[in-house]
$ cat structure-v1.csv   # CSV, C-alpha atoms and all ligand atoms
chain,number,residue,atom,x,y,z
Q,1,MET,CA,-37.4,26.6,134.2
Q,2,GLN,CA,-33.8,25.7,135.0
Q,3,LYS,CA,-30.5,26.6,133.2
Q,4,ILE,CA,-28.9,23.3,132.3
Q,5,ALA,CA,-25.7,22.5,130.5
Q,6,VAL,CA,-25.5,19.2,128.6
Q,7,ILE,CA,-21.8,18.4,128.0
Q,8,GLY,CA,-21.3,16.1,125.0
Q,9,ALA,CA,-23.2,16.8,121.7
Q,10,GLY,CA,-23.2,13.2,120.4
Q,11,SER,CA,-26.4,11.3,119.8
Q,12,TRP,CA,-27.3,10.8,123.5
Q,13,GLY,CA,-26.4,14.3,124.7
Q,14,SER,CA,-28.4,15.8,121.9
Q,15,ALA,CA,-31.5,13.5,122.6
Q,16,LEU,CA,-31.4,14.3,126.3
Q,17,ALA,CA,-31.1,18.0,125.5
Q,18,MET,CA,-34.3,17.6,123.5
Q,19,VAL,CA,-36.1,16.1,126.5
Q,20,LEU,CA,-35.0,19.0,128.7
Q,21,ALA,CA,-35.9,21.6,126.1
Q,22,ASP,CA,-39.3,19.9,125.7
Q,23,ASN,CA,-39.8,20.4,129.4
Q,24,GLY,CA,-39.2,24.1,129.1
Q,25,HIS,CA,-35.6,24.3,130.4
Q,26,ASP,CA,-32.9,26.7,129.2
Q,27,VAL,CA,-30.5,24.1,127.6
Q,28,ARG,CA,-26.9,24.8,126.6
Q,29,LEU,CA,-25.5,21.9,124.6
Q,30,VAL,CA,-21.7,21.8,124.6
Q,31,GLY,CA,-19.8,20.1,121.7
Q,32,ARG,CA,-16.2,20.1,120.5
Q,33,ARG,CA,-16.6,21.2,116.9
Q,34,GLN,CA,-17.5,24.8,116.1
Q,35,GLU,CA,-19.0,23.7,112.7
Q,36,GLN,CA,-21.3,21.3,114.5
Q,37,MET,CA,-22.5,23.9,117.0
Q,38,ASP,CA,-23.0,26.4,114.2
Q,39,GLU,CA,-25.2,23.8,112.4
Q,40,LEU,CA,-27.2,23.4,115.7
Q,41,ASN,CA,-27.7,27.1,116.2
Q,42,GLU,CA,-28.5,28.0,112.6
Q,43,ARG,CA,-30.3,25.0,111.3
Q,44,HIS,CA,-31.3,23.2,114.5
Q,45,THR,CA,-30.0,19.9,113.4
Q,46,ASN,CA,-27.1,17.6,114.3
Q,47,GLU,CA,-27.0,15.5,111.2
Q,48,SER,CA,-23.8,13.5,112.1
Q,49,TYR,CA,-25.4,12.1,115.3
Q,50,LEU,CA,-29.2,12.5,114.9
Q,51,PRO,CA,-29.9,12.4,111.2
Q,52,ASN,CA,-33.3,13.7,110.0
Q,53,ILE,CA,-34.2,15.2,113.4
Q,54,GLU,CA,-35.2,18.8,114.0
Q,55,LEU,CA,-34.1,19.9,117.5
Q,56,PRO,CA,-36.0,22.5,119.5
Q,57,THR,CA,-34.8,26.0,118.6
Q,58,THR,CA,-34.4,26.8,122.3
Q,59,ILE,CA,-31.3,24.5,122.6
Q,60,ARG,CA,-28.2,26.7,122.1
Q,61,GLY,CA,-24.9,25.1,121.1
Q,62,TYR,CA,-21.5,26.2,122.6
Q,63,THR,CA,-17.9,25.0,122.3
Q,64,GLY,CA,-16.5,27.0,125.3
Q,65,MET,CA,-17.2,25.9,128.8
Q,66,GLU,CA,-16.9,29.4,130.3
Q,67,GLU,CA,-19.7,30.8,128.1
Q,68,ALA,CA,-21.9,27.7,128.5
Q,69,LEU,CA,-21.6,27.3,132.2
Q,70,GLY,CA,-22.4,30.8,133.4
Q,71,GLY,CA,-25.3,30.6,135.9
Q,72,VAL,CA,-26.1,27.0,135.3
Q,73,GLU,CA,-28.2,25.2,137.9
Q,74,ALA,CA,-27.4,21.6,136.8
Q,75,ILE,CA,-24.9,19.8,134.5
Q,76,VAL,CA,-25.6,16.7,132.5
Q,77,LEU,CA,-22.4,14.8,131.4
Q,78,VAL,CA,-22.8,12.6,128.3
Q,79,VAL,CA,-19.3,12.1,127.0
Q,80,PRO,CA,-17.7,8.7,126.4
Q,81,THR,CA,-16.4,7.1,129.7
Q,82,LYS,CA,-12.8,7.6,128.6
Q,83,ALA,CA,-13.3,11.4,128.3
Q,84,MET,CA,-15.2,11.7,131.7
Q,85,ARG,CA,-12.3,12.7,134.0
Q,86,GLU,CA,-10.9,15.2,131.5
Q,87,THR,CA,-14.4,16.7,131.1
Q,88,VAL,CA,-14.9,17.1,134.8
Q,89,ARG,CA,-11.5,18.8,135.1
Q,90,LYS,CA,-12.6,21.2,132.4
Q,91,ILE,CA,-15.9,22.2,133.9
Q,92,VAL,CA,-15.2,22.6,137.6
Q,93,PRO,CA,-13.1,25.9,137.3
Q,94,TYR,CA,-16.2,27.6,135.8
Q,95,LEU,CA,-18.8,26.6,138.4
Q,96,GLN,CA,-19.5,29.6,140.6
Q,97,LYS,CA,-21.4,27.5,143.2
Q,98,ALA,CA,-21.8,23.8,143.8
Q,99,VAL,CA,-24.3,22.3,141.3
Q,100,PRO,CA,-25.9,18.8,140.9
Q,101,VAL,CA,-24.3,16.7,138.2
Q,102,ILE,CA,-26.2,14.0,136.3
Q,103,HIS,CA,-24.3,11.6,134.1
Q,104,ALA,CA,-25.9,9.4,131.4
Q,105,SER,CA,-22.8,7.6,130.2
Q,106,LYS,CA,-22.2,3.8,130.5
Q,107,GLY,CA,-18.9,2.3,131.3
Q,108,ILE,CA,-16.2,1.3,133.8
Q,109,GLU,CA,-12.6,2.5,133.7
Q,110,PRO,CA,-10.1,-0.2,132.9
Q,111,ALA,CA,-7.2,-0.4,135.3
Q,112,THR,CA,-8.9,1.5,138.2
Q,113,HIS,CA,-12.2,-0.4,137.7
Q,114,LYS,CA,-14.0,2.7,138.9
Q,115,ARG,CA,-17.7,3.5,138.1
Q,116,ILE,CA,-18.4,6.8,136.4
Q,117,SER,CA,-19.8,8.4,139.6
Q,118,GLU,CA,-16.6,7.5,141.4
Q,119,MET,CA,-14.5,9.0,138.6
Q,120,ILE,CA,-16.5,12.3,138.8
Q,121,ALA,CA,-16.3,12.4,142.6
Q,122,GLU,CA,-12.5,11.9,142.5
Q,123,GLU,CA,-12.0,14.6,139.9
Q,124,ASP,CA,-14.0,17.1,142.0
Q,125,ALA,CA,-12.5,16.0,145.4
Q,126,SER,CA,-10.2,19.1,145.7
Q,127,THR,CA,-12.7,21.6,144.4
Q,128,ASN,CA,-16.1,20.5,145.8
Q,129,ARG,CA,-18.1,22.2,143.0
Q,130,ILE,CA,-20.4,19.3,142.6
Q,131,SER,CA,-23.2,19.0,145.1
Q,132,SER,CA,-24.6,15.6,144.1
Q,133,ILE,CA,-24.0,12.9,141.5
Q,134,THR,CA,-26.9,11.1,139.8
Q,135,VAL,CA,-26.8,8.5,137.1
Q,136,LEU,CA,-29.6,8.3,134.4
Q,137,SER,CA,-29.7,4.9,132.7
Q,138,GLY,CA,-32.0,2.4,131.1
Q,139,PRO,CA,-33.3,1.1,127.7
Q,140,SER,CA,-33.1,4.3,125.7
Q,141,HIS,CA,-31.7,4.6,122.2
Q,142,ALA,CA,-31.1,8.2,121.3
Q,143,GLU,CA,-32.7,7.7,117.9
Q,144,GLU,CA,-36.1,6.7,119.4
Q,145,VAL,CA,-35.9,9.3,122.2
Q,146,ALA,CA,-35.3,12.0,119.5
Q,147,LEU,CA,-38.5,10.8,117.8
Q,148,ARG,CA,-40.3,11.2,121.2
Q,149,GLN,CA,-41.2,7.5,121.3
Q,150,PRO,CA,-42.3,6.2,124.8
Q,151,THR,CA,-39.2,5.5,126.8
Q,152,THR,CA,-38.5,4.6,130.4
Q,153,VAL,CA,-35.3,5.2,132.4
Q,154,THR,CA,-34.0,5.0,136.0
Q,155,VAL,CA,-32.2,7.6,137.9
Q,156,ALA,CA,-30.0,6.7,140.9
Q,157,SER,CA,-28.0,8.6,143.5
Q,158,ALA,CA,-26.6,8.3,146.9
Q,159,ASP,CA,-28.6,11.5,147.6
Q,160,ASP,CA,-32.4,10.7,147.4
Q,161,GLU,CA,-33.3,14.4,146.9
Q,162,ALA,CA,-30.9,14.6,143.9
Q,163,ALA,CA,-32.6,11.5,142.3
Q,164,LYS,CA,-36.0,13.1,142.8
Q,165,TYR,CA,-34.8,16.4,141.4
Q,166,THR,CA,-33.4,14.6,138.3
Q,167,GLN,CA,-36.7,12.7,137.9
Q,168,ASN,CA,-38.6,16.0,137.8
Q,169,LEU,CA,-36.1,17.6,135.3
Q,170,PHE,CA,-36.5,14.9,132.7
Q,171,MET,CA,-39.9,13.3,133.2
Q,172,ASN,CA,-42.6,14.0,130.6
Q,173,GLN,CA,-45.3,12.1,128.7
Q,174,GLN,CA,-42.9,10.3,126.4
Q,175,PHE,CA,-40.0,10.0,128.8
Q,176,ARG,CA,-40.9,8.2,132.1
Q,177,VAL,CA,-38.3,8.4,134.8
Q,178,TYR,CA,-38.2,6.1,137.8
Q,179,THR,CA,-35.9,6.5,140.9
Q,180,ASN,CA,-33.8,3.7,142.4
Q,181,PRO,CA,-31.5,4.2,145.4
Q,182,ASP,CA,-29.0,1.5,144.1
Q,183,LEU,CA,-26.4,3.7,142.4
Q,184,ILE,CA,-23.9,0.8,142.1
Q,185,GLY,CA,-26.4,-1.6,140.6
Q,186,VAL,CA,-27.7,1.0,138.1
Q,187,GLU,CA,-24.2,2.0,136.9
Q,188,ILE,CA,-23.0,-1.6,136.7
Q,189,GLY,CA,-26.1,-2.9,134.8
Q,190,GLY,CA,-25.8,0.0,132.3
Q,191,ALA,CA,-22.1,-0.6,131.7
Q,192,LEU,CA,-22.0,-4.4,131.6
Q,193,LYS,CA,-25.0,-4.9,129.2
Q,194,ASN,CA,-22.7,-3.5,126.5
Q,195,ILE,CA,-20.4,-6.5,126.9
Q,196,ILE,CA,-23.3,-8.9,126.4
Q,197,ALA,CA,-24.6,-6.9,123.4
Q,198,LEU,CA,-21.2,-7.2,121.8
Q,199,ALA,CA,-21.2,-10.9,122.4
Q,200,CYS,CA,-24.7,-11.3,121.0
Q,201,GLY,CA,-23.5,-9.4,117.9
Q,202,VAL,CA,-20.5,-11.7,117.5
Q,203,THR,CA,-22.8,-14.8,117.6
Q,204,ASN,CA,-25.1,-13.2,115.0
Q,205,GLY,CA,-22.0,-12.4,112.9
Q,206,LEU,CA,-21.0,-16.1,113.1
Q,207,GLY,CA,-24.5,-16.9,111.7
Q,208,TYR,CA,-26.1,-18.2,114.9
Q,209,GLY,CA,-29.7,-17.1,115.6
Q,210,ASP,CA,-32.1,-16.4,118.4
Q,211,ASN,CA,-31.5,-19.5,120.6
Q,212,THR,CA,-27.9,-18.4,120.9
Q,213,LYS,CA,-28.8,-14.8,121.5
Q,214,ALA,CA,-31.3,-15.8,124.3
Q,215,ALA,CA,-28.6,-18.0,125.9
Q,216,ILE,CA,-26.0,-15.2,125.9
Q,217,MET,CA,-28.5,-12.6,127.2
Q,218,THR,CA,-29.8,-14.9,130.0
Q,219,ARG,CA,-26.5,-16.2,131.2
Q,220,GLY,CA,-25.0,-12.8,130.6
Q,221,LEU,CA,-27.4,-11.3,133.0
Q,222,ALA,CA,-26.4,-14.0,135.5
Q,223,GLU,CA,-22.8,-12.9,135.3
Q,224,ILE,CA,-23.6,-9.2,135.5
Q,225,SER,CA,-25.6,-10.0,138.7
Q,226,ARG,CA,-22.7,-12.1,140.1
Q,227,LEU,CA,-20.2,-9.3,139.6
Q,228,GLY,CA,-22.6,-6.5,140.5
Q,229,THR,CA,-23.8,-8.0,143.8
Q,230,THR,CA,-20.2,-8.7,144.8
Q,231,MET,CA,-19.5,-5.0,144.2
Q,232,GLY,CA,-22.4,-4.0,146.5
Q,233,ALA,CA,-25.4,-3.8,144.1
Q,234,LYS,CA,-28.9,-5.0,145.1
Q,235,PRO,CA,-29.8,-8.1,143.1
Q,236,LEU,CA,-33.3,-6.8,142.2
Q,237,THR,CA,-31.9,-3.8,140.3
Q,238,PHE,CA,-30.7,-6.3,137.6
Q,239,SER,CA,-34.3,-7.2,136.9
Q,240,GLY,CA,-35.2,-3.5,136.4
Q,241,LEU,CA,-34.8,-1.0,133.6
Q,242,SER,CA,-31.1,-0.4,134.0
Q,243,GLY,CA,-30.5,-4.2,134.1
Q,244,LEU,CA,-32.8,-6.5,132.1
Q,245,GLY,CA,-34.5,-3.6,130.3
Q,246,ASP,CA,-31.3,-2.2,128.9
Q,247,LEU,CA,-29.9,-5.7,128.1
Q,248,ILE,CA,-33.0,-6.4,126.0
Q,249,VAL,CA,-32.8,-3.2,124.0
Q,250,THR,CA,-29.1,-3.3,123.4
Q,251,CYS,CA,-28.9,-6.9,122.4
Q,252,THR,CA,-31.9,-6.8,120.1
Q,253,SER,CA,-32.0,-3.3,118.5
Q,254,VAL,CA,-30.6,-2.4,115.2
Q,255,HIS,CA,-29.7,0.9,116.7
Q,256,SER,CA,-27.2,-0.6,119.1
Q,257,ARG,CA,-23.6,0.3,118.3
Q,258,ASN,CA,-22.3,-2.4,120.6
Q,259,TRP,CA,-24.4,-5.1,118.9
Q,260,ARG,CA,-23.5,-3.9,115.4
Q,261,ALA,CA,-19.7,-3.8,116.3
Q,262,GLY,CA,-20.0,-7.3,117.7
Q,263,ARG,CA,-21.6,-8.5,114.5
Q,264,MET,CA,-18.8,-7.1,112.4
Q,265,ILE,CA,-16.3,-8.8,114.6
Q,266,GLY,CA,-18.2,-12.1,114.2
Q,267,GLU,CA,-18.1,-11.6,110.5
Q,268,GLY,CA,-14.3,-11.4,110.6
Q,269,LEU,CA,-13.4,-7.7,110.8
Q,270,SER,CA,-10.6,-6.6,113.1
Q,271,MET,CA,-11.3,-4.3,116.0
Q,272,ASP,CA,-9.6,-1.4,114.2
Q,273,GLU,CA,-11.7,-1.9,111.1
Q,274,VAL,CA,-14.9,-2.0,113.2
Q,275,LEU,CA,-14.1,1.2,115.1
Q,276,GLU,CA,-13.3,3.0,111.9
Q,277,LYS,CA,-16.6,1.9,110.4
Q,278,MET,CA,-18.7,2.8,113.5
Q,279,GLY,CA,-17.5,6.5,113.9
Q,280,MET,CA,-19.4,6.5,117.3
Q,281,VAL,CA,-18.4,5.3,120.7
Q,282,VAL,CA,-18.6,1.6,121.3
Q,283,GLU,CA,-18.3,1.6,125.1
Q,284,GLY,CA,-18.5,-2.2,125.5
Q,285,ILE,CA,-14.9,-2.7,124.3
Q,286,ARG,CA,-13.1,-1.0,127.1
Q,287,THR,CA,-15.8,-2.2,129.6
Q,288,THR,CA,-15.0,-5.8,128.5
Q,289,GLN,CA,-11.4,-5.2,129.6
Q,290,ALA,CA,-12.4,-3.6,132.9
Q,291,ALA,CA,-15.0,-6.3,133.7
Q,292,TYR,CA,-12.6,-9.1,132.8
Q,293,GLU,CA,-9.9,-7.6,135.0
Q,294,LEU,CA,-12.4,-7.2,137.8
Q,295,SER,CA,-13.7,-10.8,137.5
Q,296,GLU,CA,-10.1,-12.0,137.8
Q,297,LYS,CA,-9.4,-9.8,140.8
Q,298,LEU,CA,-12.6,-10.7,142.6
Q,299,GLU,CA,-12.6,-14.3,141.4
Q,300,ILE,CA,-16.1,-14.1,139.9
Q,301,ASP,CA,-16.9,-16.5,137.1
Q,302,MET,CA,-17.8,-14.5,134.0
Q,303,PRO,CA,-17.6,-16.9,131.1
Q,304,VAL,CA,-19.2,-14.7,128.4
Q,305,THR,CA,-17.0,-11.7,129.3
Q,306,LYS,CA,-13.9,-13.9,129.4
Q,307,ALA,CA,-14.8,-15.4,125.9
Q,308,LEU,CA,-15.3,-11.9,124.5
Q,309,TYR,CA,-12.1,-10.6,126.1
Q,310,SER,CA,-10.2,-13.5,124.4
Q,311,VAL,CA,-11.7,-12.5,121.0
Q,312,LEU,CA,-11.1,-8.8,121.4
Q,313,PHE,CA,-7.8,-8.6,123.1
Q,314,ASN,CA,-6.1,-12.0,122.5
Q,315,GLY,CA,-7.0,-12.6,118.9
Q,316,ILE,CA,-8.9,-15.8,119.6
Q,317,ASP,CA,-11.2,-16.9,116.7
Q,318,PRO,CA,-14.8,-16.1,117.7
Q,319,TYR,CA,-16.0,-19.6,116.5
Q,320,GLN,CA,-13.4,-21.2,118.8
Q,321,ALA,CA,-14.5,-18.9,121.7
Q,322,ALA,CA,-18.1,-20.0,121.2
Q,323,GLU,CA,-17.1,-23.7,121.2
Q,324,GLU,CA,-15.1,-23.3,124.4
Q,325,LEU,CA,-18.1,-21.5,126.1
Q,326,MET,CA,-20.4,-24.4,125.1
Q,327,GLY,CA,-17.9,-27.0,126.2
Q,328,ARG,CA,-17.4,-25.9,129.8
Q,329,VAL,CA,-18.1,-28.1,132.8
Q,330,LYS,CA,-21.7,-28.9,133.8
Q,331,ARG,CA,-23.4,-26.4,136.0
Q,332,HIS,CA,-26.6,-26.1,138.1
Q,333,GLU,CA,-28.6,-23.3,136.6
Q,334,VAL,CA,-30.0,-21.5,139.7
Q,335,GLU,CA,-27.0,-22.1,142.0
Q,336,SER,CA,-24.7,-20.8,139.4
Q,337,LEU,CA,-26.6,-17.5,139.3
Q,338,TYR,CA,-25.1,-16.6,142.7
Q,339,ARG,CA,-21.9,-18.5,143.0
Q,340,SER,CA,-18.6,-18.2,141.4
C,401,LIG,N1,-26.5,6.8,121.9
C,401,LIG,C1,-27.4,6.3,122.7
C,401,LIG,O1,-28.5,5.9,122.3
C,401,LIG,C2,-27.0,6.2,124.2
C,401,LIG,C3,-28.1,5.9,125.1
C,401,LIG,C4,-27.8,5.8,126.4
C,401,LIG,C5,-26.5,6.0,126.9
C,401,LIG,N2,-25.5,6.3,126.0
C,401,LIG,C6,-24.1,6.5,126.5
C,401,LIG,O2,-23.8,7.9,126.4
C,401,LIG,C7,-22.4,8.1,126.3
C,401,LIG,C8,-22.2,9.0,125.0
C,401,LIG,O3,-22.7,8.2,123.9
C,401,LIG,P1,-23.2,8.9,122.6
C,401,LIG,O4,-24.1,7.8,122.0
C,401,LIG,O5,-23.7,10.2,122.8
C,401,LIG,O6,-21.8,8.9,121.8
C,401,LIG,P2,-21.5,9.5,120.4
C,401,LIG,O7,-20.4,8.7,119.8
C,401,LIG,O8,-22.8,9.7,119.6
C,401,LIG,O9,-21.0,11.0,120.8
C,401,LIG,C9,-19.9,11.1,121.7
C,401,LIG,C10,-19.7,12.6,121.9
C,401,LIG,O10,-18.6,12.8,122.8
C,401,LIG,C11,-17.7,13.7,122.2
C,401,LIG,N3,-16.3,13.3,122.6
C,401,LIG,C12,-15.6,12.2,122.2
C,401,LIG,N4,-14.4,12.2,122.8
C,401,LIG,C13,-14.4,13.3,123.6
C,401,LIG,C14,-13.4,13.8,124.5
C,401,LIG,N5,-12.2,13.3,124.7
C,401,LIG,N6,-13.8,15.0,125.2
C,401,LIG,C15,-15.0,15.5,125.0
C,401,LIG,N7,-15.9,15.1,124.2
C,401,LIG,C16,-15.6,14.0,123.5
C,401,LIG,C17,-17.8,13.5,120.7
C,401,LIG,O11,-17.4,14.7,120.0
C,401,LIG,C18,-19.3,13.4,120.6
C,401,LIG,O12,-20.0,14.6,120.6
C,401,LIG,C19,-21.8,6.7,126.2
C,401,LIG,O13,-21.3,6.3,127.4
C,401,LIG,C20,-23.0,5.8,125.8
C,401,LIG,O14,-22.9,4.5,126.3
C,401,LIG,C21,-25.7,6.4,124.6
C,402,LIG,O1,-26.0,1.9,121.0
C,402,LIG,P1,-25.4,1.3,122.2
C,402,LIG,O2,-25.0,-0.1,122.0
C,402,LIG,O3,-24.2,2.2,122.7
C,402,LIG,O4,-26.5,1.4,123.4
C,402,LIG,C1,-27.1,2.6,123.6
C,402,LIG,C2,-27.9,2.6,124.9
C,402,LIG,O5,-27.1,2.3,126.0
C,402,LIG,C3,-29.2,1.7,124.9
C,402,LIG,O6,-29.9,1.9,126.1

$ encode --input "structure-v1.csv" --output "structure tokens"
Amino acid sequence: MQKIAVIGAGSWGSALAMVLADNGHDVRLVGRRQEQMDELNERHTNESYLPNIELPTTIRGYTGMEEALGGVEAIVLVVPTKAMRETVRKIVPYLQKAVPVIHASKGIEPATHKRISEMIAEEDASTNRISSITVLSGPSHAEEVALRQPTTVTVASADDEAAKYTQNLFMNQQFRVYTNPDLIGVEIGGALKNIIALACGVTNGLGYGDNTKAAIMTRGLAEISRLGTTMGAKPLTFSGLSGLGDLIVTCTSVHSRNWRAGRMIGEGLSMDEVLEKMGMVVEGIRTTQAAYELSEKLEIDMPVTKALYSVLFNGIDPYQAAEELMGRVKRHEVESLYRS
């Protein structure tokens, strides 16, 4: 039994806290709203994020870092990417010894183009309170994990022992955990599939069906691999759970916030209207900006990302963006998997 703090009491933080509690760990779930943490401690529910789910009574909710972090042996960070740096700055002063950190968020920072593990390492550089950083990623909608439906994920770290430690913490009969040493590939696959899910949603919103979705997913995976391998990822990782697996679940599931947001944009809603309706984080929007900037900087051809960027940030009509995608110059299918 380990004392573990899960920071971020949204849908994914709460579902991962359930997996850890099922495995017999002492879980402290840290949220921002006192009312929400009172609901968790008194009624063992988190209705705004995991409706109709009863959480294990052993999960305790906290709003204060000092109280939650006393004596913890590991920390799981599950806040939106844009809150990651601020969250790391808030936790490190309360760590009495260096502890392993596992993050389960999916994004890339616009402007710096940093992956989440890089952002965490930078924020801890002057304090050294984090002994290792591991990412947990893969096809895993919180709603289904909370129902204890069979789910598989990958954990990756530069530190092999940290990856195995994380595998042991989370693995159980319903939640199967693989290790993969390719930290870059696992983080890039998890972040970039959200762009492709948004794009699939847009095409569904335009009224296009499964042929279009399969095209966007397949060619989307090609451009994820092109960018990822240029950044140092191993190509095979993109065929695994954190690549193809997560792409499938996010582009095809009704649970996906990215797909749903894309569909509303395809139906003609503005980005502000979509975000107001969602009420939950849609990571793919900022990641589209980051990936587009990266593709320009590294001169990698990413046509789906570019088309989505033009819709989200330049006000291009989605129908026109789809027409332009289809009207590009002729390409060789396999050669274009690897070349710009
Ligand atoms: N929901 C899923 O099924 C799922 C699965 C895998 C990965 N993820 C990833 O996990 C991360 C979190 O997603 P989620 O689904 O839990 O989001 P969510 O919208 O359900 O919840 C986000 C949580 O973060 C908190 N938060 C927001 N801004 C914050 C800030 N500035 N500082 C501190 N806390 C803040 C919110 O209060 C909320 O508790 C995302 O990167 C997402 O891509 C989600
Ligand atoms: O609901 P989404 O689109 O944020 O996706 C959630 C997870 O990343 C699926 O694995």

$ closest_residue --input "structure-v1.csv" --among "Q:Pro93, Q:Gly268, Q:Pro181, Q:Gly262" --to "ligand LIG 402 (chain C)" --atoms "all atoms listed in the file"
Q:Gly262

$ residues_near_ligand --input "structure-v1.csv" --ligand "ligand LIG 401 (chain C)" --cutoff "6 Å" --atoms "all atoms listed in the file" --output "list in words"
Gly8, Ala9, Gly10, Ser11, Trp12, Gly13, Gly31, Arg32, Tyr49, Val78, Val79, Pro80, Thr81, Ala83, Ala104, Ser105, Lys106, Ser140, His141, Ala142, Met280, Val281 and Glu283 of chain Q

$ closest_atom_pairs --input "structure-v1.csv" --of "chain Q" --to "ligand LIG 402 (chain C)" --cutoff "7 Å" --atoms "all atoms listed in the file" --output "tab-separated table"
residue	atom	partner	partner_atom	distance
Q:Lys106	CA	C:LIG402	O5	6.8
Q:Gly138	CA	C:LIG402	O6	5.4
Q:Pro139	CA	C:LIG402	O6	3.8
Q:Ser140	CA	C:LIG402	O6	4.0
Q:His141	CA	C:LIG402	C3	4.7
Q:Gly190	CA	C:LIG402	O5	6.8
Q:Asn194	CA	C:LIG402	O2	6.1
Q:Ala197	CA	C:LIG402	O2	7.0
Q:Asp246	CA	C:LIG402	O6	5.2
Q:Val249	CA	C:LIG402	C3	6.1
Q:Thr250	CA	C:LIG402	C3	5.2
Q:His255	CA	C:LIG402	O1	5.8
Q:Ser256	CA	C:LIG402	O1	3.4
Q:Arg257	CA	C:LIG402	O1	4.0
Q:Asn258	CA	C:LIG402	O2	3.8
Q:Trp259	CA	C:LIG402	O2	5.9
Q:Val281	CA	C:LIG402	O3	6.9
Q:Val282	CA	C:LIG402	O3	5.8
Q:Glu283	CA	C:LIG402	O3	6.4

$ atom_distance --input "structure-v1.csv" --atom1 "atom CA of Leu241 of chain Q" --atom2 "atom CA of Ile196 of chain Q"
15.7 Å

$ residues_around --input "structure-v1.csv" --residues "segment 121-130 of chain Q" --least-positions-apart "6" --cutoff "6 Å" --atoms "all atoms listed in the file" --output "MDAnalysis selection string"
chainID Q and resid 98:100

$ decode --input "structure-v1.csv" --residues "segment 27-41 of chain Q" --atoms "N, CA and C atoms" --output "tab-separated table (two decimals), in the first residue's frame"
chain	number	residue	atom	x	y	z
Q	27	VAL	N	-5.33	6.89	-1.26
Q	27	VAL	CA	-5.39	7.88	-2.35
Q	27	VAL	C	-5.96	9.21	-1.85
Q	28	ARG	N	-5.19	10.28	-2.11
Q	28	ARG	CA	-5.67	11.63	-1.79
Q	28	ARG	C	-5.93	12.35	-3.11
Q	29	LEU	N	-7.16	12.72	-3.37
Q	29	LEU	CA	-7.51	13.36	-4.63
Q	29	LEU	C	-7.63	14.87	-4.38
Q	30	VAL	N	-6.86	15.65	-5.14
Q	30	VAL	CA	-6.82	17.09	-4.90
Q	30	VAL	C	-7.60	17.85	-5.98
Q	31	GLY	N	-8.63	18.57	-5.54
Q	31	GLY	CA	-9.42	19.38	-6.47
Q	31	GLY	C	-9.34	20.84	-6.06
Q	32	ARG	N	-10.00	21.68	-6.86
Q	32	ARG	CA	-9.92	23.12	-6.57
Q	32	ARG	C	-11.11	23.63	-5.78
Q	33	ARG	N	-12.27	22.98	-5.94
Q	33	ARG	CA	-13.49	23.49	-5.30
Q	33	ARG	C	-13.81	22.71	-4.03
Q	34	GLN	N	-13.96	23.45	-2.90
Q	34	GLN	CA	-14.25	22.81	-1.62
Q	34	GLN	C	-15.56	22.01	-1.68
Q	35	GLU	N	-16.55	22.62	-2.36
Q	35	GLU	CA	-17.87	21.97	-2.47
Q	35	GLU	C	-17.74	20.59	-3.15
Q	36	GLN	N	-16.92	20.53	-4.17
Q	36	GLN	CA	-16.73	19.26	-4.91
Q	36	GLN	C	-16.03	18.23	-4.02
Q	37	MET	N	-15.05	18.69	-3.24
Q	37	MET	CA	-14.32	17.76	-2.36
Q	37	MET	C	-15.21	17.32	-1.19
Q	38	ASP	N	-16.11	18.21	-0.73
Q	38	ASP	CA	-17.06	17.82	0.31
Q	38	ASP	C	-17.99	16.73	-0.22
Q	39	GLU	N	-18.44	16.91	-1.47
Q	39	GLU	CA	-19.31	15.90	-2.11
Q	39	GLU	C	-18.58	14.55	-2.16
Q	40	LEU	N	-17.29	14.59	-2.53
Q	40	LEU	CA	-16.51	13.35	-2.63
Q	40	LEU	C	-16.38	12.68	-1.25
Q	41	ASN	N	-16.07	13.48	-0.23
Q	41	ASN	CA	-15.84	12.91	1.10
Q	41	ASN	C	-17.13	12.44	1.78
